[in-house]
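The file entry.tsv contains TSV, C-alpha atoms:
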```
chain	number	residue	atom	x	y	z
A	1	TYR	CA	-60.43	-42.49	45.10
A	2	LYS	CA	-57.68	-40.07	46.14
A	3	PRO	CA	-58.47	-36.51	47.27
A	4	ALA	CA	-56.42	-33.56	46.02
A	5	GLY	CA	-53.39	-32.75	48.16
A	6	LEU	CA	-52.53	-36.34	49.11
A	7	PRO	CA	-49.54	-38.03	47.42
A	8	SER	CA	-50.38	-41.25	45.58
A	9	ALA	CA	-47.36	-43.04	47.05
A	10	PRO	CA	-44.51	-42.36	49.49
A	11	LEU	CA	-42.23	-39.74	48.00
A	12	LYS	CA	-38.99	-40.84	49.69
A	13	SER	CA	-39.72	-42.98	52.73
A	14	ARG	CA	-42.77	-44.58	54.29
A	15	THR	CA	-44.46	-41.91	56.41
A	16	GLY	CA	-48.00	-43.26	56.09
A	17	ASN	CA	-49.34	-39.98	54.75
A	18	ASP	CA	-50.08	-41.14	51.22
A	19	ALA	CA	-52.86	-43.00	49.42
A	20	LEU	CA	-50.90	-46.22	48.92
A	21	SER	CA	-50.18	-46.49	52.66
A	22	PHE	CA	-53.89	-46.15	53.41
A	23	MET	CA	-54.66	-48.80	50.79
A	24	ALA	CA	-52.06	-51.18	52.22
A	25	ALA	CA	-53.48	-50.73	55.72
A	26	LEU	CA	-56.79	-52.08	54.39
A	27	PHE	CA	-55.19	-54.72	52.14
A	28	PRO	CA	-51.81	-55.82	53.65
A	29	GLU	CA	-51.24	-58.21	50.75
A	30	LEU	CA	-50.18	-55.19	48.66
A	31	HIS	CA	-46.85	-55.28	50.51
A	32	HIS	CA	-46.04	-58.67	48.94
A	33	VAL	CA	-46.28	-57.44	45.35
A	34	ARG	CA	-43.04	-56.45	43.60
A	35	GLY	CA	-43.68	-53.33	41.53
A	36	LYS	CA	-41.46	-50.82	39.74
A	37	ASN	CA	-39.73	-50.13	43.02
A	38	GLU	CA	-39.98	-51.55	46.53
A	39	ILE	CA	-41.67	-48.54	48.08
A	40	GLU	CA	-44.60	-48.52	45.61
A	41	CYS	CA	-45.51	-52.23	46.00
A	42	GLY	CA	-48.30	-53.11	43.53
A	43	LEU	CA	-49.28	-49.57	42.54
A	44	LEU	CA	-50.43	-49.67	38.90
A	45	HIS	CA	-51.94	-46.24	38.37
A	46	ARG	CA	-50.96	-43.09	40.24
A	47	ILE	CA	-51.91	-39.44	39.84
A	48	ASP	CA	-50.27	-36.14	40.80
A	49	THR	CA	-50.59	-34.92	44.38
A	50	ASP	CA	-52.82	-31.99	43.37
A	51	THR	CA	-55.04	-34.21	41.20
A	52	GLU	CA	-58.02	-36.09	42.62
A	53	GLY	CA	-59.52	-39.30	41.34
A	54	LEU	CA	-59.05	-43.02	40.86
A	55	LEU	CA	-55.94	-45.04	41.68
A	56	MET	CA	-55.31	-48.74	41.14
A	57	ALA	CA	-53.05	-51.25	42.88
A	58	ALA	CA	-52.63	-54.99	42.42
A	59	ALA	CA	-53.06	-57.32	45.38
A	60	THR	CA	-51.28	-60.27	43.71
A	61	GLN	CA	-48.10	-60.55	41.66
A	62	ASP	CA	-49.96	-62.27	38.81
A	63	ALA	CA	-52.45	-59.40	38.60
A	64	TYR	CA	-49.65	-56.83	38.65
A	65	ASP	CA	-47.69	-58.56	35.89
A	66	PHE	CA	-50.84	-58.99	33.80
A	67	MET	CA	-51.78	-55.31	34.11
A	68	GLN	CA	-48.27	-54.12	33.29
A	69	ASP	CA	-48.32	-56.21	30.11
A	70	LEU	CA	-51.82	-54.92	29.31
A	71	GLN	CA	-50.62	-51.34	29.67
A	72	THR	CA	-47.72	-51.97	27.31
A	73	LYS	CA	-50.23	-53.26	24.73
A	74	GLY	CA	-52.50	-50.20	25.12
A	75	GLY	CA	-55.29	-52.05	26.92
A	76	PHE	CA	-55.27	-50.07	30.17
A	77	ILE	CA	-57.09	-46.79	29.46
A	78	LYS	CA	-57.24	-43.83	31.86
A	79	THR	CA	-59.82	-41.06	31.52
A	80	TYR	CA	-59.54	-37.58	33.03
A	81	ARG	CA	-61.98	-34.68	33.26
A	82	ALA	CA	-60.47	-31.19	32.94
A	83	SER	CA	-61.99	-27.71	33.31
A	84	CYS	CA	-59.94	-25.30	31.21
A	85	THR	CA	-59.78	-21.70	30.07
A	86	VAL	CA	-59.06	-20.63	26.49
A	87	LYS	CA	-55.66	-18.88	26.40
A	88	PRO	CA	-54.00	-18.99	22.97
A	89	ASP	CA	-50.85	-17.29	24.33
A	90	ASN	CA	-50.49	-19.58	27.36
A	91	ALA	CA	-47.50	-21.59	26.09
A	92	ALA	CA	-45.65	-18.45	24.96
A	93	ALA	CA	-46.20	-16.85	28.37
A	94	LEU	CA	-44.76	-19.88	30.16
A	95	GLY	CA	-41.85	-20.48	27.80
A	96	GLY	CA	-40.05	-23.64	26.72
A	97	PHE	CA	-42.80	-24.96	24.44
A	98	PRO	CA	-42.42	-25.78	20.73
A	99	PRO	CA	-44.95	-24.32	18.28
A	100	ALA	CA	-48.37	-25.87	18.87
A	101	PRO	CA	-51.00	-26.89	16.30
A	102	ALA	CA	-52.69	-23.71	15.06
A	103	ASN	CA	-56.18	-22.84	16.35
A	104	PHE	CA	-56.44	-25.97	18.47
A	105	ALA	CA	-59.24	-24.49	20.60
A	106	ASP	CA	-61.25	-24.00	17.42
A	107	TYR	CA	-60.39	-27.48	16.19
A	108	ILE	CA	-61.44	-29.17	19.41
A	109	GLN	CA	-64.93	-27.68	19.07
A	110	ARG	CA	-65.48	-30.09	16.18
A	111	GLY	CA	-65.47	-33.00	18.63
A	112	ALA	CA	-62.19	-34.77	19.34
A	113	ALA	CA	-58.49	-34.49	18.58
A	114	ASP	CA	-55.19	-36.17	19.46
A	115	ILE	CA	-52.18	-34.37	20.93
A	116	MET	CA	-48.86	-36.19	20.56
A	117	SER	CA	-45.29	-35.38	21.61
A	118	PHE	CA	-42.15	-36.58	23.31
A	119	PHE	CA	-41.36	-35.05	26.71
A	120	ARG	CA	-38.45	-33.53	28.62
A	121	THR	CA	-38.11	-32.20	32.14
A	122	TYR	CA	-38.07	-28.42	32.49
A	123	GLY	CA	-37.42	-25.67	35.01
A	124	ALA	CA	-35.81	-25.45	38.43
A	125	GLY	CA	-35.46	-28.89	39.95
A	126	GLY	CA	-37.16	-30.48	36.96
A	127	LYS	CA	-40.58	-29.90	38.54
A	128	ALA	CA	-42.31	-29.35	35.19
A	129	VAL	CA	-42.18	-30.96	31.76
A	130	ARG	CA	-42.35	-29.68	28.21
A	131	PRO	CA	-43.44	-31.37	24.97
A	132	VAL	CA	-40.82	-32.03	22.32
A	133	THR	CA	-41.60	-32.44	18.61
A	134	GLU	CA	-39.64	-32.81	15.40
A	135	ILE	CA	-39.49	-29.01	15.11
A	136	SER	CA	-38.11	-28.45	18.61
A	137	GLY	CA	-34.58	-27.15	18.88
A	138	LYS	CA	-31.61	-29.51	19.09
A	139	ALA	CA	-31.05	-28.67	22.77
A	140	ALA	CA	-34.62	-29.69	23.64
A	141	VAL	CA	-34.38	-32.92	21.63
A	142	LYS	CA	-31.20	-33.92	23.49
A	143	LYS	CA	-33.07	-33.63	26.80
A	144	VAL	CA	-35.75	-36.16	25.84
A	145	GLY	CA	-35.54	-39.09	28.25
A	146	GLN	CA	-37.33	-42.04	26.70
A	147	LYS	CA	-37.46	-41.87	22.90
A	148	LYS	CA	-41.16	-42.50	23.04
A	149	ALA	CA	-44.12	-40.44	21.89
A	150	TYR	CA	-47.15	-40.02	24.16
A	151	THR	CA	-50.69	-39.30	22.95
A	152	THR	CA	-53.58	-37.58	24.71
A	153	ARG	CA	-57.00	-37.94	23.08
A	154	VAL	CA	-59.19	-34.93	23.85
A	155	ARG	CA	-62.98	-34.87	23.53
A	156	LEU	CA	-65.06	-31.73	23.98
A	157	LEU	CA	-67.83	-31.85	26.59
A	158	SER	CA	-68.73	-28.13	26.69
A	159	PHE	CA	-67.09	-24.96	25.41
A	160	SER	CA	-66.80	-21.39	26.63
A	161	GLU	CA	-63.90	-18.95	26.95
A	162	ALA	CA	-63.99	-19.14	30.75
A	163	ASN	CA	-64.77	-22.81	31.38
A	164	THR	CA	-64.25	-25.44	28.71
A	165	GLU	CA	-64.92	-29.00	29.88
A	166	LEU	CA	-62.79	-31.71	28.29
A	167	GLU	CA	-62.53	-35.48	28.56
A	168	CYS	CA	-58.96	-36.70	28.07
A	169	THR	CA	-57.90	-40.33	27.62
A	170	LEU	CA	-54.52	-42.02	27.39
A	171	THR	CA	-53.07	-45.51	27.52
A	172	GLN	CA	-49.48	-44.86	28.58
A	173	GLY	CA	-48.66	-41.59	30.30
A	174	PHE	CA	-45.72	-39.35	31.10
A	175	ARG	CA	-45.61	-37.14	34.21
A	176	HIS	CA	-48.08	-34.21	33.87
A	177	GLN	CA	-48.84	-35.36	30.31
A	178	VAL	CA	-52.47	-34.25	30.03
A	179	ARG	CA	-52.02	-30.95	31.85
A	180	CYS	CA	-48.95	-30.06	29.79
A	181	HIS	CA	-50.52	-31.08	26.47
A	182	LEU	CA	-53.58	-28.92	27.16
A	183	ALA	CA	-51.50	-25.95	28.29
A	184	TRP	CA	-49.36	-26.24	25.14
A	185	ASN	CA	-52.47	-25.96	22.99
A	186	GLY	CA	-53.96	-22.92	24.71
A	187	LEU	CA	-56.35	-24.78	27.01
A	188	PRO	CA	-54.68	-24.71	30.45
A	189	VAL	CA	-56.46	-26.41	33.33
A	190	ILE	CA	-58.05	-24.01	35.82
A	191	GLY	CA	-55.98	-23.90	39.00
A	192	ASP	CA	-52.83	-25.38	37.42
A	193	GLU	CA	-49.92	-23.62	39.10
A	194	LEU	CA	-47.34	-25.18	36.79
A	195	TYR	CA	-49.04	-24.91	33.40
A	196	ASN	CA	-51.59	-22.07	33.57
A	197	ALA	CA	-49.97	-18.67	33.03
A	198	GLY	CA	-53.01	-17.04	34.63
A	199	PHE	CA	-52.90	-19.10	37.83
A	200	GLY	CA	-54.47	-17.17	40.69
A	201	GLY	CA	-54.51	-19.64	43.57
A	202	GLU	CA	-57.59	-21.60	42.53
A	203	ALA	CA	-57.98	-25.33	43.23
A	204	LEU	CA	-56.90	-27.59	40.39
A	205	GLU	CA	-59.98	-28.67	38.39
A	206	PHE	CA	-58.59	-31.95	37.14
A	207	GLU	CA	-59.81	-35.45	38.04
A	208	CYS	CA	-59.17	-39.05	37.00
A	209	VAL	CA	-62.74	-40.23	36.44
A	210	ALA	CA	-62.48	-43.71	34.86
A	211	LEU	CA	-60.20	-46.72	34.34
A	212	ASP	CA	-60.84	-49.29	31.57
A	213	PHE	CA	-59.00	-52.61	31.64
A	214	THR	CA	-59.27	-56.36	31.19
A	215	ASN	CA	-60.09	-58.36	34.31
A	216	PRO	CA	-56.99	-60.55	34.85
A	217	VAL	CA	-59.11	-63.44	36.18
A	218	THR	CA	-62.17	-63.51	33.89
A	219	GLY	CA	-60.76	-61.87	30.75
A	220	GLU	CA	-63.75	-59.53	30.58
A	221	ARG	CA	-63.40	-55.81	29.90
A	222	VAL	CA	-64.17	-53.67	32.96
A	223	ARG	CA	-64.86	-49.95	33.36
A	224	VAL	CA	-64.59	-48.39	36.80
A	225	GLY	CA	-65.77	-44.79	36.96
A	226	THR	CA	-66.45	-42.12	39.56
A	227	ASP	CA	-70.17	-42.35	38.74
A	228	PHE	CA	-70.12	-45.70	40.57
A	229	PHE	CA	-69.07	-44.10	43.88
```
Rewritten as structure tokens:
Amino acid sequence: YKPAGLPSAPLKSRTGNDALSFMAALFPELHHVRGKNEIECGLLHRIDTDTEGLLMAAATQDAYDFMQDLQTKGGFIKTYRASCTVKPDNAAALGGFPPAPANFADYIQRGAADIMSFFRTYGAGGKAVRPVTEISGKAAVKKVGQKKAYTTRVRLLSFSEANTELECTLTQGFRHQVRCHLAWNGLPVIGDELYNAGFGGEALEFECVALDFTNPVTGERVRVGTDFF
């Protein structure tokens, strides 16, 4: 479980001030796993620095390879909890967003909905992202990296103008996917400096609360959630 403000992994070089370094100090075998790049070892699930919640790393190469394949097949599910405000003009205030589904905040009150888009980097230094759809402009479409659509499933937990609680799940994610998808649809996360046009210095109210996956040894489905800690 990573606190807010701590990077999930080394950003450029190994300084020790990141969650993966703390994990590897407890479980040195992580260093022997070959992941997406050498510096991230067996890290399977990471979250943004300002986000708190669950991470996952593999301690063996077989487990890492199994989980990567499982993720490709949609069997590794991540669940986030988000506290949001209702701001229909949020995307317009930030700029760079395509038209969003109409009245999404009203629609989500019915229970659950899916948000789907491609993504592109956006802004100075590419710090943010923006969704891209079939009605985005040609310039935006050209900036799409992977020609792959990403889906966020949103379920309503409680609703008010000032504090709407949402549960968001995804199988394969793009950087800032959930936060950007919510902001695009007029439900920016409270305390989101990048995607909430009304940001006022509050702490980010966004947490990875559960991971669902198949145990690579037993083949059984497993759910690890913050309610277990």
Task: Contact residues around region 182-193 of chain A with only C-alpha atoms at 10 Å, ignoring same-chain residues under 3 positions, as a ChimeraX atom specification - done: /A:50-51,81-92,94-105,115,130-131,152,154,161-166,168,177-179,196-206
Open item on the list: So, with only C-alpha atoms as the atoms that count, which of A:Arg110, A:Asn37, A:His32, A:Arg155 lies closest to Gln61 (chain A)?
Closed with: A:His32
Task: Distance of CA of Asp227 (chain A) from CA of Leu54 (chain A), expressed in Å to one decimal place - done: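 For CA of Leu54 (chain A) relative to CA of Asp227 (chain A), the distance reads 11.3 Å.
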Open item on the list: Ranking A:Phe159, A:Phe76, A:Phe174, A:Phe213 by minimum distance to Thr121 (chain A) and counting all atoms listed in the file, which one comes first?
Closed with: A:Phe174
Task: Interatomic distance, CA of Arg153 (chain A) to CA of Asp48 (chain A) (Å, one decimal) - done: 19.0 Å
Open item on the list: (-57.9, -39.1, 34.0) in this file's frame - what residues fall within 7 Å of it? Use all atoms listed in the file and give the answer as a PyMOL selection string.
Closed with: chain A and resi 78-81+168-169+207-210
- [ ] Provide the CA of Gly225 (chain A) to CA of Lys36 (chain A) distance in Å, to one decimal place.
- [x]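 Spanning CA of Gly225 (chain A) to CA of Lys36 (chain A) is a straight-line distance of 25.2 Å.
Residue nearest Ser158 (chain A) within the list A:Pro7, A:Gly16, A:Gly53, A:Gly111: A:Gly111 [criterion: smallest interatomic distance, all atoms listed in the file].
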Task: Nearest to Ala128 (chain A), chosen from A:Ile77, A:Val217, A:Cys41, A:Leu194, with all atoms listed in the file counted in the distances - done: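 Answer, going by the shortest atom-to-atom distance: A:Leu194.
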Open item on the list: Taking 4 positions as the minimum chain separation for residues in the same chain, which residues sit within 10 Å of region 63-67 of chain A when counting only C-alpha atoms? Answer as a PyMOL selection string.
Closed with: chain A and resi 33-35+41-44+57-59+71-73+75-76+213-217
Saved selection, atoms kept: C-alpha atoms, as a JSON list (two decimals), in the coordinates of the input:
```
[["chain", "number", "residue", "atom", "x", "y", "z"],
["A", 33, "VAL", "CA", -46.28, -57.44, 45.35],
["A", 34, "ARG", "CA", -43.04, -56.45, 43.60],
["A", 35, "GLY", "CA", -43.68, -53.33, 41.53],
["A", 41, "CYS", "CA", -45.51, -52.23, 46.00],
["A", 42, "GLY", "CA", -48.30, -53.11, 43.53],
["A", 43, "LEU", "CA", -49.28, -49.57, 42.54],
["A", 44, "LEU", "CA", -50.43, -49.67, 38.90],
["A", 57, "ALA", "CA", -53.05, -51.25, 42.88],
["A", 58, "ALA", "CA", -52.63, -54.99, 42.42],
["A", 59, "ALA", "CA", -53.06, -57.32, 45.38],
["A", 71, "GLN", "CA", -50.62, -51.34, 29.67],
["A", 72, "THR", "CA", -47.72, -51.97, 27.31],
["A", 73, "LYS", "CA", -50.23, -53.26, 24.73],
["A", 75, "GLY", "CA", -55.29, -52.05, 26.92],
["A", 76, "PHE", "CA", -55.27, -50.07, 30.17],
["A", 213, "PHE", "CA", -59.00, -52.61, 31.64],
["A", 214, "THR", "CA", -59.27, -56.36, 31.19],
["A", 215, "ASN", "CA", -60.09, -58.36, 34.31],
["A", 216, "PRO", "CA", -56.99, -60.55, 34.85],
["A", 217, "VAL", "CA", -59.11, -63.44, 36.18]]
```
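Restricting the calculation to all atoms listed in the file, the smallest distance between Phe27 (chain A) and any of A:Glu220, A:Val132, A:Arg46, A:Thr60 is found for A:Thr60.
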